[in-house]
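Below: data.cif (mmCIF, C-alpha atoms and all ligand atoms)
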data_target
loop_
_atom_site.label_atom_id
_atom_site.label_comp_id
_atom_site.auth_asym_id
_atom_site.auth_seq_id
_atom_site.Cartn_x
_atom_site.Cartn_y
_atom_site.Cartn_z
CA MET A 1 5.38 9.46 12.69
CA SER A 2 4.67 11.15 9.35
CA LEU A 3 5.79 9.38 6.20
CA SER A 4 8.15 10.82 3.62
CA LEU A 5 9.98 9.95 0.41
CA ALA A 6 12.87 8.71 2.58
CA ASP A 7 10.61 5.92 3.89
CA VAL A 8 9.84 4.85 0.34
CA PHE A 9 13.54 4.85 -0.61
CA ALA A 10 14.23 2.78 2.51
CA ALA A 11 11.48 0.34 1.50
CA GLN A 12 12.95 0.07 -1.99
CA LYS A 13 16.26 -0.98 -0.46
CA THR A 14 14.59 -3.38 1.98
CA ILE A 15 12.52 -5.25 -0.59
CA ALA A 16 15.11 -5.29 -3.41
CA GLY A 17 15.66 -8.89 -4.48
CA GLU A 18 12.51 -10.05 -2.68
CA VAL A 19 9.94 -8.55 -5.06
CA VAL A 20 10.11 -8.04 -8.81
CA ARG A 21 11.02 -4.64 -10.22
CA THR A 22 8.20 -4.63 -12.77
CA PRO A 23 8.34 -3.04 -16.24
CA LEU A 24 6.49 0.09 -17.32
CA ILE A 25 5.26 -0.76 -20.82
CA PRO A 26 3.85 1.69 -23.38
CA SER A 27 0.49 0.62 -24.81
CA PRO A 28 0.27 1.71 -28.46
CA PHE A 29 -3.53 1.31 -28.56
CA LEU A 30 -4.19 3.24 -25.35
CA SER A 31 -1.62 5.90 -26.29
CA GLU A 32 -3.57 6.46 -29.52
CA ARG A 33 -6.77 6.80 -27.48
CA ALA A 34 -5.21 9.12 -24.89
CA GLY A 35 -3.38 11.32 -27.40
CA VAL A 36 -0.28 11.08 -25.18
CA PRO A 37 2.08 8.19 -24.37
CA PHE A 38 0.08 5.83 -22.12
CA LEU A 39 2.02 3.33 -20.02
CA LEU A 40 1.18 0.26 -17.96
CA LYS A 41 3.04 -0.61 -14.73
CA MET A 42 2.79 -4.39 -14.74
CA GLU A 43 2.32 -5.47 -11.11
CA THR A 44 0.65 -8.58 -12.52
CA MET A 45 4.21 -9.90 -12.90
CA GLN A 46 4.77 -10.26 -9.15
CA PRO A 47 5.02 -13.93 -8.12
CA THR A 48 1.78 -13.62 -6.09
CA GLY A 49 0.08 -11.87 -9.02
CA ALA A 50 -0.36 -8.51 -7.27
CA PHE A 51 1.58 -5.52 -5.92
CA LYS A 52 0.50 -6.30 -2.32
CA LEU A 53 3.65 -8.41 -1.99
CA ARG A 54 5.67 -5.17 -1.77
CA GLY A 55 3.96 -3.84 1.36
CA ALA A 56 3.75 -7.26 2.99
CA THR A 57 7.46 -7.92 2.39
CA ASN A 58 8.49 -4.50 3.69
CA ALA A 59 6.31 -4.89 6.79
CA ILE A 60 7.67 -8.36 7.58
CA LEU A 61 11.29 -7.29 7.05
CA SER A 62 10.68 -4.21 9.23
CA ALA A 63 8.87 -6.03 12.04
CA PRO A 64 10.41 -5.81 15.54
CA ALA A 65 13.50 -8.00 16.00
CA GLY A 66 12.56 -11.45 17.17
CA THR A 67 9.16 -11.49 15.42
CA LYS A 68 8.41 -15.15 14.78
CA ALA A 69 4.84 -14.99 13.53
CA VAL A 70 2.59 -12.66 11.56
CA THR A 71 -1.14 -12.58 10.97
CA CYS A 72 -3.76 -10.76 8.92
CA CYS A 73 -7.37 -11.32 8.04
CA SER A 74 -7.40 -10.68 4.30
CA THR A 75 -8.43 -13.56 2.09
CA GLY A 76 -7.47 -11.82 -1.10
CA ASN A 77 -4.26 -10.44 -2.56
CA HIS A 78 -2.96 -9.15 0.78
CA GLY A 79 -3.39 -12.52 2.51
CA ARG A 80 -1.53 -14.12 -0.35
CA GLY A 81 1.24 -11.52 -0.17
CA VAL A 82 1.67 -11.98 3.58
CA ALA A 83 1.68 -15.79 3.27
CA TYR A 84 4.30 -15.69 0.50
CA ALA A 85 6.54 -13.07 2.12
CA ALA A 86 6.43 -14.89 5.48
CA ARG A 87 7.48 -18.13 3.85
CA GLN A 88 10.36 -16.38 2.08
CA GLN A 89 11.59 -15.07 5.43
CA GLY A 90 11.03 -18.32 7.33
CA ILE A 91 8.39 -16.72 9.56
CA ARG A 92 5.12 -18.35 10.56
CA ALA A 93 1.95 -16.82 9.08
CA THR A 94 -1.56 -17.41 10.33
CA ILE A 95 -4.32 -16.00 8.14
CA CYS A 96 -7.66 -15.65 9.92
CA MET A 97 -10.88 -15.98 7.95
CA SER A 98 -14.54 -16.67 8.47
CA SER A 99 -16.27 -19.88 7.42
CA LEU A 100 -17.86 -17.96 4.52
CA VAL A 101 -14.61 -17.81 2.57
CA PRO A 102 -14.71 -20.21 -0.41
CA LYS A 103 -12.55 -23.30 -0.23
CA ASN A 104 -10.39 -22.46 -3.25
CA LYS A 105 -9.20 -19.27 -1.53
CA VAL A 106 -8.41 -21.19 1.66
CA ASP A 107 -6.50 -23.81 -0.35
CA ARG A 108 -4.49 -21.15 -2.20
CA ILE A 109 -3.28 -19.61 1.04
CA ARG A 110 -2.55 -23.01 2.61
CA ALA A 111 -0.54 -23.95 -0.47
CA LEU A 112 1.82 -21.07 0.38
CA GLY A 113 2.56 -22.74 3.70
CA ALA A 114 0.44 -20.45 5.87
CA GLU A 115 -1.81 -21.71 8.61
CA VAL A 116 -5.45 -20.85 8.03
CA ARG A 117 -7.68 -20.32 11.03
CA ILE A 118 -11.39 -20.43 10.31
CA VAL A 119 -13.33 -18.54 12.98
CA GLY A 120 -16.98 -17.50 13.11
CA THR A 121 -19.10 -16.36 10.21
CA SER A 122 -17.98 -12.79 9.54
CA GLN A 123 -14.94 -10.68 8.79
CA ASP A 124 -15.35 -9.19 12.30
CA ASP A 125 -15.01 -12.64 13.91
CA ALA A 126 -11.85 -13.23 11.87
CA MET A 127 -10.51 -9.82 12.89
CA ALA A 128 -11.15 -10.59 16.58
CA GLU A 129 -9.08 -13.76 16.26
CA CYS A 130 -6.29 -11.76 14.61
CA LEU A 131 -6.22 -9.35 17.56
CA ARG A 132 -6.27 -12.22 20.04
CA LEU A 133 -3.24 -13.79 18.36
CA CYS A 134 -1.41 -10.46 18.67
CA GLU A 135 -2.31 -9.95 22.31
CA THR A 136 -1.78 -13.44 23.65
CA ASP A 137 0.53 -15.25 21.25
CA GLY A 138 3.00 -12.55 20.19
CA PHE A 139 1.87 -12.34 16.56
CA VAL A 140 2.38 -9.13 14.56
CA ASP A 141 -0.71 -8.02 12.60
CA ILE A 142 -0.09 -6.67 9.10
CA SER A 143 -2.80 -4.27 7.95
CA PRO A 144 -3.61 -4.39 4.23
CA PHE A 145 -3.33 -0.59 3.84
CA ASP A 146 -3.10 1.31 7.14
CA ASP A 147 0.47 0.64 8.21
CA ARG A 148 3.54 2.78 7.54
CA HIS A 149 5.68 -0.07 6.24
CA VAL A 150 2.89 -1.34 4.02
CA ILE A 151 2.31 2.16 2.60
CA SER A 152 6.04 2.77 2.00
CA GLY A 153 6.29 -0.66 0.36
CA GLN A 154 3.40 0.11 -2.01
CA GLY A 155 4.97 3.53 -2.62
CA THR A 156 7.91 1.81 -4.32
CA VAL A 157 5.57 1.25 -7.30
CA GLY A 158 5.41 5.02 -7.79
CA LEU A 159 9.10 5.48 -7.12
CA GLU A 160 10.02 2.97 -9.84
CA MET A 161 7.60 4.62 -12.28
CA LEU A 162 9.28 8.02 -11.84
CA GLN A 163 12.74 6.49 -11.93
CA ASP A 164 11.86 4.94 -15.31
CA ARG A 165 9.89 7.89 -16.72
CA PRO A 166 10.64 11.19 -14.94
CA ASP A 167 8.44 12.92 -17.55
CA LEU A 168 5.16 11.36 -16.36
CA ASP A 169 2.39 13.97 -16.07
CA MET A 170 -0.44 11.91 -14.57
CA LEU A 171 -0.76 8.66 -12.61
CA LEU A 172 -4.02 6.68 -12.48
CA VAL A 173 -4.07 4.56 -9.34
CA PRO A 174 -6.71 1.92 -8.47
CA LEU A 175 -8.04 2.94 -5.05
CA SER A 176 -9.55 0.96 -2.17
CA GLY A 177 -8.05 1.31 1.33
CA GLY A 178 -5.55 3.79 -0.09
CA GLY A 179 -2.27 2.11 0.85
CA LEU A 180 -1.23 2.04 -2.79
CA ALA A 181 -2.55 5.48 -3.81
CA GLY A 182 -1.23 7.07 -0.60
CA GLY A 183 2.24 5.58 -0.99
CA VAL A 184 2.46 6.26 -4.73
CA ALA A 185 1.26 9.87 -4.37
CA LEU A 186 3.69 10.46 -1.50
CA ALA A 187 6.67 9.28 -3.56
CA ALA A 188 5.62 10.80 -6.88
CA LYS A 189 4.77 14.26 -5.51
CA ALA A 190 7.97 14.45 -3.49
CA ILE A 191 9.90 13.87 -6.72
CA ASN A 192 7.70 16.03 -8.96
CA PRO A 193 5.26 18.32 -7.12
CA ASP A 194 3.45 19.07 -10.41
CA ILE A 195 2.53 15.46 -11.18
CA ARG A 196 -1.18 14.69 -10.94
CA VAL A 197 -2.28 11.58 -9.09
CA ILE A 198 -5.86 10.41 -9.67
CA GLY A 199 -7.46 7.66 -7.57
CA ILE A 200 -9.91 5.42 -9.43
CA SER A 201 -12.61 3.27 -7.82
CA MET A 202 -15.83 1.53 -8.88
CA ASP A 203 -18.96 3.63 -8.59
CA ARG A 204 -20.66 1.45 -5.96
CA GLY A 205 -19.20 0.98 -2.49
CA ALA A 206 -16.11 3.20 -2.91
CA ALA A 207 -15.15 3.72 0.75
CA MET A 208 -12.28 6.19 0.32
CA ASP A 209 -14.29 8.43 -1.99
CA ALA A 210 -17.26 8.47 0.42
CA SER A 211 -14.92 9.14 3.36
CA ILE A 212 -13.12 12.04 1.66
CA LYS A 213 -16.49 13.56 0.73
CA ALA A 214 -17.70 13.15 4.34
CA GLY A 215 -14.45 14.56 5.75
CA ARG A 216 -13.92 11.49 7.96
CA PRO A 217 -13.75 7.69 7.54
CA VAL A 218 -17.25 6.32 6.92
CA GLU A 219 -18.66 2.86 6.31
CA VAL A 220 -20.14 1.91 2.96
CA THR A 221 -22.29 -1.05 1.97
CA GLU A 222 -20.17 -3.58 0.15
CA VAL A 223 -21.59 -4.77 -3.17
CA ALA A 224 -20.31 -7.37 -5.62
CA SER A 225 -18.12 -5.83 -8.33
CA LEU A 226 -15.90 -6.89 -11.21
CA ALA A 227 -13.29 -4.95 -9.21
CA ASP A 228 -13.65 -7.23 -6.16
CA SER A 229 -10.16 -6.33 -4.89
CA LEU A 230 -11.37 -2.74 -4.44
CA GLY A 231 -14.19 -3.66 -2.02
CA GLY A 232 -14.22 -3.18 1.75
CA GLY A 233 -13.93 -0.25 4.12
CA ILE A 234 -11.01 1.97 5.11
CA GLY A 235 -11.48 1.40 8.87
CA LEU A 236 -13.31 3.90 11.07
CA ASN A 237 -10.11 4.40 13.06
CA ASN A 238 -7.97 4.89 9.99
CA ARG A 239 -4.63 6.42 11.03
CA LEU A 240 -2.60 6.97 7.86
CA SER A 241 -4.05 6.16 4.45
CA PHE A 242 -7.13 8.41 4.76
CA SER A 243 -5.18 11.57 5.50
CA LEU A 244 -2.57 10.76 2.84
CA CYS A 245 -5.22 10.26 0.16
CA ARG A 246 -7.22 13.29 1.29
CA THR A 247 -4.17 15.56 1.10
CA LEU A 248 -2.36 14.13 -1.90
CA LEU A 249 -4.89 12.89 -4.46
CA ASP A 250 -5.84 15.50 -7.06
CA ASP A 251 -9.12 13.81 -7.86
CA ILE A 252 -11.05 10.56 -7.55
CA VAL A 253 -12.83 9.18 -10.61
CA LEU A 254 -15.51 6.47 -10.34
CA VAL A 255 -16.23 3.93 -13.08
CA SER A 256 -19.22 1.67 -13.69
CA GLU A 257 -19.26 -2.11 -14.01
CA GLU A 258 -19.93 -1.79 -17.77
CA GLU A 259 -16.87 0.46 -18.09
CA ILE A 260 -14.71 -2.05 -16.17
CA TYR A 261 -16.02 -4.88 -18.36
CA ARG A 262 -15.03 -2.99 -21.50
CA ALA A 263 -11.58 -2.20 -20.09
CA LEU A 264 -10.97 -5.90 -19.32
CA GLN A 265 -11.75 -6.70 -22.95
CA THR A 266 -9.63 -3.85 -24.29
CA LEU A 267 -6.52 -4.77 -22.28
CA TYR A 268 -6.95 -8.40 -23.28
CA PHE A 269 -7.57 -7.90 -27.01
CA GLU A 270 -5.31 -4.91 -27.65
CA ASP A 271 -2.39 -5.72 -25.34
CA SER A 272 -2.99 -9.42 -24.56
CA HIS A 273 -2.88 -9.01 -20.78
CA VAL A 274 -4.94 -10.96 -18.26
CA ALA A 275 -5.77 -8.63 -15.37
CA GLU A 276 -8.35 -8.29 -12.59
CA GLY A 277 -11.23 -5.84 -12.72
CA ALA A 278 -9.53 -3.79 -9.99
CA SER A 279 -6.46 -3.40 -12.22
CA VAL A 280 -8.19 -1.91 -15.22
CA VAL A 281 -10.19 0.91 -13.59
CA GLY A 282 -7.63 3.47 -14.84
CA ILE A 283 -8.06 2.16 -18.38
CA ALA A 284 -11.85 2.18 -17.89
CA ALA A 285 -11.70 5.86 -16.91
CA LEU A 286 -9.63 6.68 -20.01
CA LEU A 287 -11.96 4.80 -22.38
CA ALA A 288 -15.03 6.46 -20.80
CA ASP A 289 -13.48 9.95 -21.20
CA LYS A 290 -13.72 10.54 -17.46
CA LEU A 291 -10.15 11.75 -16.89
CA PRO A 292 -8.78 15.26 -16.62
CA LYS A 293 -7.09 16.17 -19.91
CA PRO A 294 -3.60 14.59 -20.03
CA LYS A 295 -0.85 17.14 -20.69
CA GLY A 296 1.90 14.57 -21.03
CA PRO A 297 2.77 10.90 -20.57
CA THR A 298 0.17 9.15 -18.44
CA ALA A 299 0.46 5.81 -16.67
CA THR A 300 -1.75 3.42 -14.78
CA ILE A 301 -0.86 0.57 -12.43
CA VAL A 302 -2.12 -2.83 -13.57
CA THR A 303 -2.32 -3.97 -9.97
CA GLY A 304 -3.08 -7.70 -10.15
CA ARG A 305 -4.02 -10.74 -12.21
CA ASN A 306 -5.82 -12.95 -9.68
CA VAL A 307 -9.04 -13.27 -11.64
CA ASP A 308 -11.92 -15.65 -11.21
CA MET A 309 -11.18 -17.41 -14.50
CA ALA A 310 -14.80 -18.33 -15.29
CA GLN A 311 -15.91 -14.72 -14.77
CA PHE A 312 -12.95 -13.40 -16.76
CA THR A 313 -13.59 -15.64 -19.77
CA ASP A 314 -17.27 -14.65 -19.70
CA ALA A 315 -16.30 -10.97 -19.78
CA ILE A 316 -13.79 -11.23 -22.60
CA SER A 317 -16.18 -13.41 -24.60
CA GLY A 318 -18.90 -10.78 -24.34
CA ARG A 319 -21.19 -12.91 -22.18
CA PRO A 320 -23.23 -11.35 -19.35
CA VAL A 321 -21.69 -11.51 -15.88
CA LYS A 322 -23.84 -11.89 -12.77
CA LEU A 323 -22.65 -9.92 -9.76
CA GLY A 324 -24.77 -10.42 -6.67
CA ASP A 325 -28.19 -9.15 -7.67
CA THR A 326 -27.08 -7.20 -10.73
CA LEU A 327 -26.21 -8.37 -14.21
CA VAL A 328 -23.55 -6.73 -16.36
CA GLN A 329 -24.89 -6.97 -19.90
CA GLY A 330 -21.83 -7.48 -22.00
CA LYS A 331 -21.16 -7.43 -25.67
CA ALA A 332 -18.39 -8.87 -27.81
CA TYR A 333 -15.26 -6.74 -28.06
CA ASP A 334 -15.19 -4.32 -30.95
CA ALA A 335 -12.48 -1.69 -31.02
C1 LIG A 401 -5.54 -4.09 -2.77
C2 LIG A 401 -5.67 -3.88 -4.23
C3 LIG A 401 -5.92 -2.59 -4.78
C4 LIG A 401 -6.14 -1.36 -3.94
O1 LIG A 401 -5.11 -1.08 -3.03
P1 LIG A 401 -5.38 -0.21 -1.71
O2 LIG A 401 -4.06 -0.01 -1.09
O3 LIG A 401 -6.31 -1.01 -0.84
O4 LIG A 401 -6.05 1.07 -2.14
C5 LIG A 401 -5.96 -2.49 -6.16
N1 LIG A 401 -5.83 -3.56 -6.97
C6 LIG A 401 -5.61 -4.80 -6.48
C7 LIG A 401 -5.44 -5.93 -7.44
C8 LIG A 401 -5.52 -5.01 -5.09
O5 LIG A 401 -5.30 -6.25 -4.63
#

Mind converting the file's structure to structure tokens?
Ligand SMILES: *Cc1c(COP(=O)(O)O)cnc(C)c1O
Amino acid sequence: MSLSLADVFAAQKTIAGEVVRTPLIPSPFLSERAGVPFLLKMETMQPTGAFKLRGATNAILSAPAGTKAVTCCSTGNHGRGVAYAARQQGIRATICMSSLVPKNKVDRIRALGAEVRIVGTSQDDAMAECLRLCETDGFVDISPFDDRHVISGQGTVGLEMLQDRPDLDMLLVPLSGGGLAGGVALAAKAINPDIRVIGISMDRGAAMDASIKAGRPVEVTEVASLADSLGGGIGLNNRLSFSLCRTLLDDIVLVSEEEIYRALQTLYFEDSHVAEGASVVGIAALLADKLPKPKGPTATIVTGRNVDMAQFTDAISGRPVKLGDTLVQGKAYDA
């Protein structure tokens, strides 16, 4: 059952025409800072605003013949990817969530034609409903990161990057459950065993980092972050993404909320891109001088653009941003 580059090539073929082959754009400002060509893989250009559409599309197109309905319990970019990909394929999608999920997120997923099932008051309640749908109603559950088709689908990001720039020396990959970093590292290292792949997470509640340090999947306390798409655990029964990340990542770098805030401003003012906190952690690590020394062209994946617009405009305007019980003290952008 182990994954290989062949799975990523197969995924590339499967999803061609269904997802966008995104550009890899040099950033003059960040290249100057890095001292080497620095490139941005623009997954913000996917129709759902995030790379998660790749894995979701590959998983749906690879589901057992006769699959008529899929489910998942993500309310974020994965839920959106599954809802969109299911609609494209004419398959029913039911996204399970708890009553705590804000109405705008529910509306967004409904607008994509998915059914939303509100159950209980926690993510666990929503997960239980997901499992029930699979056991009794013939639904197929699509994990956000711990599924071979999802990981091979996300791996196509890395494959495209090396197809466009075979000379890349280092990849900076935003890291949460590790579907993206695992798939990208798998593809990139099979093509160039010398390439370095660095996972980047926020410095509070980084589940993969804590798990790799502990030598087994562990739970972490989830805290509010500008990189909200990087929150959540990796699953105590993780089957694939943990061992891929543990074996293939050269390093994991953690960045603070202040560093993410500054990276949001930098990408906006220097390159005019709107991106989520989760997408700019690689840029944050560069600006904070936290990376291993680049020896050649370096690239990061700008993973998504589904920002909370009020929070985003506060950050780029230099206003403070309140996150749970902490306050990120901002200041106006100044290169
Ligand atoms: C899901 C997500 C990530 C992290 O991907 P994993 O496969 O969970 O590590 C990064 N950025 C964005 C915008 C995401 O939605």

Neighbours of range 34-51 of chain A within 8 Å (all atoms listed in the file; same-chain residues fewer than 4 positions away dropped), as a VMD selection string? chain A and resid 19 to 20 22 to 28 30 55 77 80 to 81 84 154 157 161 275 286 294 to 306

Ligand LIG 401 (chain A) neighbours within 7 Å using all atoms listed in the file, as a count of residues only: 23

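Comparing A:Met97, A:Ala83, A:Ala310, A:Leu133 by their smallest distance to Arg110 in chain A, the closest is A:Ala83 (using only C-alpha atoms).
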
Quick check, in Å to one decimal: how far apart do CA of Thr136 in chain A and CA of Gly153 in chain A lie? 27.8 Å

As AutoDock Vina command-line options: centre and edge lengths in Å, one decimal, of the axis-aligned box holding range 108-125 of chain A with 4 Å per side:
--center_x -8.3 --center_y -16.6 --center_z 5.9 --size_x 29.7 --size_y 22.8 --size_z 24.1

Between CA of Gly233 in chain A and CA of Val116 in chain A, what is the spacing in Å? 22.6 Å

Selected residue of minimal separation from Gln265 in chain A among A:Ser143, A:Ser122, A:Thr313, A:Asn192, counting only C-alpha atoms: A:Thr313

Would you please work out which residue, of A:Val140, A:Ala114, A:Leu248, A:Cys134, is nearest to Ala187 in chain A when using all atoms listed in the file? A:Leu248

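For the choices A:Glu259, A:Asp271, A:Asp147, A:Asp203, the atom-to-atom distance to Leu3 in chain A is smallest for A:Asp147 when using all atoms listed in the file.
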
Can you pull out the residues contacting Glu258 in chain A? Cut-off 10 Å, using all atoms listed in the file, and skip same-chain residues under 2 positions away; I want them as a PyMOL selection string. chain A and resi 226+255-256+260-264+284+327-331

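In this structure, CA of Gly205 in chain A sits 17.9 Å away from CA of Ser74 in chain A.
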
Would you please work out which residue, of A:Arg21, A:Arg239, A:Arg216, A:Lys189, is nearest to Thr156 in chain A when using only C-alpha atoms? A:Arg21

12 Å contact set for Ala128 in chain A, only C-alpha atoms, chain neighbours under 5 positions out, as a short mmCIF file (atom, residue, chain, number, x, y, z; two decimals) with C-alpha atoms, keeping the file's coordinate frame:
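Generated output (selection_8.cif):
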data_model
loop_
_atom_site.label_atom_id
_atom_site.label_comp_id
_atom_site.auth_asym_id
_atom_site.auth_seq_id
_atom_site.Cartn_x
_atom_site.Cartn_y
_atom_site.Cartn_z
CA THR A 71 -1.14 -12.58 10.97
CA CYS A 72 -3.76 -10.76 8.92
CA CYS A 73 -7.37 -11.32 8.04
CA CYS A 96 -7.66 -15.65 9.92
CA MET A 97 -10.88 -15.98 7.95
CA SER A 98 -14.54 -16.67 8.47
CA ARG A 117 -7.68 -20.32 11.03
CA ILE A 118 -11.39 -20.43 10.31
CA VAL A 119 -13.33 -18.54 12.98
CA GLY A 120 -16.98 -17.50 13.11
CA THR A 121 -19.10 -16.36 10.21
CA SER A 122 -17.98 -12.79 9.54
CA GLN A 123 -14.94 -10.68 8.79
CA LEU A 133 -3.24 -13.79 18.36
CA CYS A 134 -1.41 -10.46 18.67
CA GLU A 135 -2.31 -9.95 22.31
CA ASP A 141 -0.71 -8.02 12.60
#

Quick one: residues within 12 Å of Ile212 in chain A, all atoms listed in the file, excluding same-chain residues fewer than 5 positions away - as a PyMOL selection string? chain A and resi 177-178+199+206-207+217-219+234+241-252

Ranking A:Asp167, A:Asp125, A:Gln12, A:Ala6 by minimum distance to Ile195 in chain A and counting all atoms listed in the file, which one comes first? A:Asp167

Show which residues sit within 10 Å of Leu323 in chain A, as a short mmCIF file (atom, residue, chain, number, x, y, z; two decimals) with C-alpha atoms, keeping the file's coordinate frame. Count only C-alpha atoms, and ignore same-chain residues fewer than 5 positions away.
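Saved file result.cif follows:
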data_model
loop_
_atom_site.label_atom_id
_atom_site.label_comp_id
_atom_site.auth_asym_id
_atom_site.auth_seq_id
_atom_site.Cartn_x
_atom_site.Cartn_y
_atom_site.Cartn_z
CA VAL A 223 -21.59 -4.77 -3.17
CA ALA A 224 -20.31 -7.37 -5.62
CA SER A 225 -18.12 -5.83 -8.33
CA LEU A 226 -15.90 -6.89 -11.21
CA GLU A 257 -19.26 -2.11 -14.01
CA GLN A 311 -15.91 -14.72 -14.77
CA VAL A 328 -23.55 -6.73 -16.36
#
